[in-house]
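Reading through the structure tokens given below for one structure.
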Amino acid sequence: MATAQEVQGTIAQPTTRLTTCIGCGITIAISGLVIIGWCTGERFIVSILPDAPTMKLNTAISFFTCGLAMMMLRQKANTLHKIGYCLCAIPLFLGLASLVQYYTKTNLGIDSFLIVDRLSDTDYPGRMSPATALSFMLVTLGILGASSRRPYLVIASQHLAIMVLIIAATAIVAFLLQSPVEQKHYFLQTMALHTSVLFMLLAGSVLVWRPTVALAGILLGKGPGSRMLRNFLKLCITASLVIGALEVYGVQYGYFDFQFGISLGIIVFISITTIYVLIIADHNNRADAELELKQQELEDRNRELSQFVYIASHDLQEPMRTVYNYSSLIANERDTLSPEEFDHCIKGLKSAGQRMSTLLEGLMSYSRIGRQNQKETVDMRLLIDEIIQDLELLINETHARIYFADMPTVIGLRPELRILMQNLIANAIRYRKPDIYPEITIRAQKQEAAWLFTVQDNGLGISPQHHEKIFQLFQQLDAQRGKTGLGIGLAFCRKVVQLHNGKIWVDSSPGQGSTFYFTLKA
Amino acid sequence: MPQKLKRILLIDDNDDDNFIHSRVIRKADCAESIIVKNNGQEALDYLTTLDDGEYPGPELIFLDINMPAMNGWEFLDAYKALDREQQGEIILVMLSTSVNPDDHARAEQDEDIVEFLSKPLDAKRFQAILERFFPQALAD
């Protein structure tokens with residue numbers, strides 16, 4: 001039953017199906033009870049409250065048949081559908097006949113057709129109110145429309161259901177605000193409370209019958225608009241009921257007169273809804289900005305990924321080419337190769353193979369970063385202590401000194417943060433000046449919403465034109481062709497920091513030592 | 001009697017390529033010496049250093065594009081700024097693994113570059129360069 005108006009991602013179908021079933025069940029049960037009340041002449045059942053309007057027998061019969069028809073039409077079997085359609089004829093007929101009686105001022109005799117109404121205190125005993133009669137016609141047409149396969153009929157049925165909801169709600173509100181029966185509008189006169197409640201149930205069931213289509217789709221959807229609509233409806237209904245009740249109470253007890261009560265009520269209602277819309281608007285603006293940020297992040301990640309693929313394939317090509325060149329040379333020039341040249345070829349082949357496997361290993365561990373994203377509280381001081389223990393050999397050999405104090409705890413990926421710190425410290429030692437002992441100072445400084453970490457060394461330094469390049473994958477390998485390190489260290493660092501929504505950069509010049517900066521969310 | 005070239009200069013950071021390329025040149029037996037420099041700066045130093053009161057002035061240079069420190073294009077810029085006598089009558093051939101069309105287009109625009117070849121240099125293509133620019137170096 002896919003239609004053009006179908007809305008994606010709505011509340012699960014079983015929930016709405018259950019709602020409809022319960023709606024029908026309650027309708028059938030209450031109207032059945034009222035029919036029994038009429039048969040036994042029990043006024044308590046037919047009107048609930050002593051002086052309130054009664055639910056007429058015709059009304060009860062109509063509800064009963066509506067509920068049954070809806071249950072039948074929800075089933076798959078064709079015969080049940082036919083029974084359902086036939087049942088719909090009863091409320092349609094009773095509603096139409098009652099209306100005709102009102103407007104032509106005739107008596108067709110249907111009011112007392114089965115039982116003579118001696119319990120109701122109205123001009124036309126046994127006759128449902130015009131509002132009830134109209135509502136039955138609307139809701140029955142709604143049931144027929146919702147059961148159809150034609151999208152426009154389903155949409156029409158939802159509109160009919162909303163009309164019925166409005167009529168029933170008017171009656172309920174009139175009851176809740178205790179407006180005396182005689183002051184009610186003629187149209188709604190004698191619509192009983194349980195009649196209005198059952199109309200709400202029936203109309204509600206019709207509305208959610210096809211929960212993904214049109215109005216129901218918007219009302220029940222999971223989207224932010226649907227959520228806003230539901231909240232707004234809740235607020236509007238509660239606010240207007242509370243305001244109305246206070247108005248009635250205020251007028252009744254003489255705190256203010258009727259006119260003032262109305263204007264006060266309107267002002268309060270406008271204020272409440274305006275404030276609500278303001279809050280929603282602000283929230284939406286924020287959500288929009290957040291989305292934009294997310295999108296930017298995604299674009300960055302995408303760019304990084306395509307660069308990653310480019311660099312990886314480019315760097316893998318070099319050893320591949322070398323293998324190809326040497327093996328072609330051996331194949332084509334076997335007779336003219338001197339033993340020394342042959343040795344050179346073999347050595348070249350071997351080292352190209354080694355480079356390739358080192359590259360692949362690096363690529364693999366690089367892509368593994370952040371795979372397990374269980375963030376936890378990490379005490380940076382303990383982390384650095386551990387790293388210093390791990391690097392003990394290197395530190396002792398080089399007489400390196402590492403200073404740090406007042407390290408904070410951060411929320412992050414522990415193994416990744418360890419890679420980050422270890423790379424920065426190891427680099428600071430590795431690229432030391434030959435004539436002085438390396439000294440490394442690690443600091444942390446609280447910024448607005450982040451910690452700014454600095455790792456400062458007294459090493460060789462880096463010339464400004466390489467400040468961006470060093471964070472790219474394999475750049476170092478390119479420059480020194482595998483003599484030291486993998487060239488993957490700072491690319492690792494950058495990826496780790498980016499995973500934590502931070503930034504990493506360096507401030508350095510040749511001979512002046514380097515200071516690496518990175519931020520982590522506090 | 002073929003007249004051999006005095007010097008051929010290879011500027012490339014890749015030692016494996018240098019091995020293959022110098023072997024191809026040596027086998028052609030057309031040059032008295034083959035000089036290898038690992039980057040643009042080393043090559044510039046070599047070109048601007050007097051040797052026995054004379055600049056080396058190799059007749060033919062093979063230049064790689066992707067090199068650390070000073071890449072092929074940076075070398076070219078510095079080369080153009082040299083004195084005429086330091087430049088000498090040099091034929092420049094660009095060698096690259098680059099598939100970047102920008103590099104290719106740029107090489108074609110540059111009047112100092114006579115050829116843009118993809119690596120590796122082989123005997124056939126080296127022969128073609130000799131035929132075109134140094135026919136006197138070839139054996140009859």
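Every chain in the structure tokens has a letter given in the order shown (A, B, ...), and although residue numbers restart at 1 in each chain, ligands are simply numbered from 1 in the order shown.
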
*asked:* Could you work out which residues of chain B fall inside 10 Å of chain A? Count only C-alpha atoms, and format the result as a ChimeraX atom specification.
replied: /B:13-17,19-20,23,27,66-69,97-98,119-120

Restricting it to all heavy atoms, dump the selection as a tab-separated table (two decimals), in the first residue's frame.
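What follows is the written file out-v4.tsv:
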```tsv
chain	number	residue	atom	x	y	z
B	13	ASP	N	66.76	10.69	-6.69
B	13	ASP	CA	67.00	10.24	-5.31
B	13	ASP	C	66.87	8.73	-5.18
B	13	ASP	O	67.20	8.16	-4.16
B	13	ASP	CB	65.98	10.90	-4.36
B	13	ASP	CG	64.56	10.51	-4.71
B	13	ASP	OD1	64.21	10.57	-5.91
B	13	ASP	OD2	63.79	10.15	-3.80
B	14	ASN	N	66.36	8.08	-6.23
B	14	ASN	CA	66.11	6.64	-6.13
B	14	ASN	C	67.32	5.86	-6.63
B	14	ASN	O	67.63	5.84	-7.82
B	14	ASN	CB	64.87	6.31	-6.96
B	14	ASN	CG	64.41	4.89	-6.74
B	14	ASN	OD1	65.23	3.98	-6.62
B	14	ASN	ND2	63.11	4.70	-6.69
B	15	ASP	N	68.02	5.20	-5.69
B	15	ASP	CA	69.25	4.50	-6.03
B	15	ASP	C	69.01	3.32	-6.96
B	15	ASP	O	69.87	2.99	-7.79
B	15	ASP	CB	69.95	4.02	-4.75
B	15	ASP	CG	70.49	5.20	-3.95
B	15	ASP	OD1	70.80	6.23	-4.58
B	15	ASP	OD2	70.57	5.10	-2.71
B	16	ASP	N	67.88	2.71	-6.84
B	16	ASP	CA	67.57	1.57	-7.71
B	16	ASP	C	67.43	2.05	-9.15
B	16	ASP	O	67.97	1.43	-10.08
B	16	ASP	CB	66.26	0.90	-7.26
B	16	ASP	CG	66.39	0.33	-5.86
B	16	ASP	OD1	67.39	-0.36	-5.60
B	16	ASP	OD2	65.51	0.60	-5.02
B	17	ASP	N	66.73	3.17	-9.34
B	17	ASP	CA	66.58	3.72	-10.68
B	17	ASP	C	67.94	4.16	-11.22
B	17	ASP	O	68.26	3.94	-12.39
B	17	ASP	CB	65.62	4.92	-10.67
B	17	ASP	CG	64.18	4.48	-10.50
B	17	ASP	OD1	63.91	3.28	-10.71
B	17	ASP	OD2	63.34	5.32	-10.13
B	19	PHE	N	70.78	2.92	-10.59
B	19	PHE	CA	71.53	1.72	-11.00
B	19	PHE	C	71.12	1.28	-12.39
B	19	PHE	O	71.96	1.08	-13.27
B	19	PHE	CB	71.29	0.59	-9.98
B	19	PHE	CG	71.85	-0.72	-10.40
B	19	PHE	CD1	73.21	-0.99	-10.26
B	19	PHE	CD2	71.03	-1.71	-10.95
B	19	PHE	CE1	73.73	-2.21	-10.65
B	19	PHE	CE2	71.55	-2.93	-11.35
B	19	PHE	CZ	72.90	-3.19	-11.19
B	20	ILE	N	69.82	1.19	-12.59
B	20	ILE	CA	69.30	0.74	-13.89
B	20	ILE	C	69.68	1.74	-14.99
B	20	ILE	O	70.18	1.35	-16.07
B	20	ILE	CB	67.76	0.61	-13.83
B	20	ILE	CG1	67.36	-0.29	-12.67
B	20	ILE	CG2	67.19	0.20	-15.19
B	20	ILE	CD1	66.83	-1.63	-13.01
B	23	ARG	N	73.34	1.86	-15.91
B	23	ARG	CA	73.75	0.66	-16.63
B	23	ARG	C	73.36	0.77	-18.11
B	23	ARG	O	74.16	0.42	-18.99
B	23	ARG	CB	73.07	-0.57	-16.00
B	23	ARG	CG	73.62	-1.85	-16.52
B	23	ARG	CD	73.12	-3.06	-15.76
B	23	ARG	NE	73.77	-4.25	-16.26
B	23	ARG	CZ	73.43	-4.87	-17.39
B	23	ARG	NH1	72.44	-4.40	-18.11
B	23	ARG	NH2	74.09	-5.95	-17.79
B	27	LYS	N	76.12	0.75	-21.06
B	27	LYS	CA	76.09	-0.27	-22.12
B	27	LYS	C	76.09	0.38	-23.51
B	27	LYS	O	76.58	-0.22	-24.47
B	27	LYS	CB	74.83	-1.15	-21.97
B	27	LYS	CG	74.88	-2.09	-20.80
B	27	LYS	CD	75.82	-3.26	-21.05
B	27	LYS	CE	76.16	-3.95	-19.71
B	27	LYS	NZ	77.30	-4.86	-19.82
B	66	ASN	N	60.08	13.91	-8.69
B	66	ASN	CA	59.79	13.75	-7.26
B	66	ASN	C	61.05	13.45	-6.46
B	66	ASN	O	61.53	12.33	-6.44
B	66	ASN	CB	58.78	12.62	-7.04
B	66	ASN	CG	57.40	13.03	-7.52
B	66	ASN	OD1	56.97	14.16	-7.31
B	66	ASN	ND2	56.74	12.12	-8.20
B	67	MET	N	61.55	14.49	-5.81
B	67	MET	CA	62.71	14.29	-4.95
B	67	MET	C	62.53	15.13	-3.69
B	67	MET	O	61.91	16.17	-3.73
B	67	MET	CB	64.00	14.76	-5.66
B	67	MET	CG	64.44	13.88	-6.80
B	67	MET	SD	65.94	14.51	-7.56
B	67	MET	CE	65.36	16.00	-8.32
B	68	PRO	N	63.09	14.63	-2.57
B	68	PRO	CA	63.00	15.44	-1.34
B	68	PRO	C	63.97	16.61	-1.42
B	68	PRO	O	64.78	16.69	-2.33
B	68	PRO	CB	63.41	14.46	-0.26
B	68	PRO	CG	64.28	13.47	-0.94
B	68	PRO	CD	63.79	13.37	-2.35
B	69	ALA	N	63.87	17.48	-0.47
B	69	ALA	CA	64.73	18.67	-0.36
B	69	ALA	C	64.48	19.63	-1.53
B	69	ALA	O	63.86	20.66	-1.37
B	69	ALA	CB	66.20	18.31	-0.23
B	97	THR	N	57.99	9.09	-12.75
B	97	THR	CA	56.96	8.06	-12.62
B	97	THR	C	55.61	8.74	-12.57
B	97	THR	O	54.59	8.11	-12.43
B	97	THR	CB	57.13	7.28	-11.31
B	97	THR	OG1	57.13	8.21	-10.24
B	97	THR	CG2	58.40	6.50	-11.31
B	98	SER	N	55.66	10.07	-12.66
B	98	SER	CA	54.44	10.83	-12.46
B	98	SER	C	53.46	10.61	-13.60
B	98	SER	O	53.79	10.71	-14.76
B	98	SER	CB	54.79	12.32	-12.37
B	98	SER	OG	53.62	13.09	-12.40
B	119	LYS	N	59.66	6.57	-16.38
B	119	LYS	CA	60.71	5.65	-15.94
B	119	LYS	C	60.31	4.22	-16.26
B	119	LYS	O	59.13	3.91	-16.28
B	119	LYS	CB	60.90	5.79	-14.44
B	119	LYS	CG	61.75	6.98	-14.02
B	119	LYS	CD	61.89	6.90	-12.50
B	119	LYS	CE	62.69	8.07	-11.96
B	119	LYS	NZ	62.77	8.01	-10.49
B	120	PRO	N	61.18	3.27	-16.42
B	120	PRO	CA	62.63	3.48	-16.46
B	120	PRO	C	63.12	3.80	-17.87
B	120	PRO	O	62.45	3.49	-18.84
B	120	PRO	CB	63.17	2.11	-16.00
B	120	PRO	CG	62.14	1.14	-16.49
B	120	PRO	CD	60.82	1.86	-16.51
```

_What's around Thr49 of chain B at 10 Å? Count only C-alpha atoms, leave out sequence neighbours fewer than 6 positions away in its own chain, and write the answer as a VMD selection string._
chain B and resid 55 to 56 86

*as a ChimeraX atom specification, please: all residues of chain B that backbone DSSP puts in helix (DSSP H, G or I).*
/B:15-28,40-47,72-80,84-87,101-109,123-133,135-137

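Near Ile61 of chain B, within 7 Å and counting only C-alpha atoms, sit Ile8, Leu9, Leu10, Ile91, Leu92 and Val93 of chain B, not including residues fewer than 5 positions from it in the same chain.
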
*Enter the distance from atom CA of Glu74 of chain B to atom CA of Ala43 of chain B, in Å, rounded to one decimal.*
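Separating atom CA of Glu74 of chain B from atom CA of Ala43 of chain B is a distance of 11.8 Å.
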
*List the neighbours of segment 88-104 of chain A out to 10 Å using only C-alpha atoms; skip same-chain residues closer than 4 positions along the sequence, and give me the result as a count of residues only.*
37

*Would you please give, as an NGL selection string, all residues of segment 325-520 of chain A that DSSP assigns to strand (DSSP E or B) based on the backbone?*
:A and (376-379 or 401-404 or 409-412 or 439-446 or 450-457 or 504-508 or 514-520)
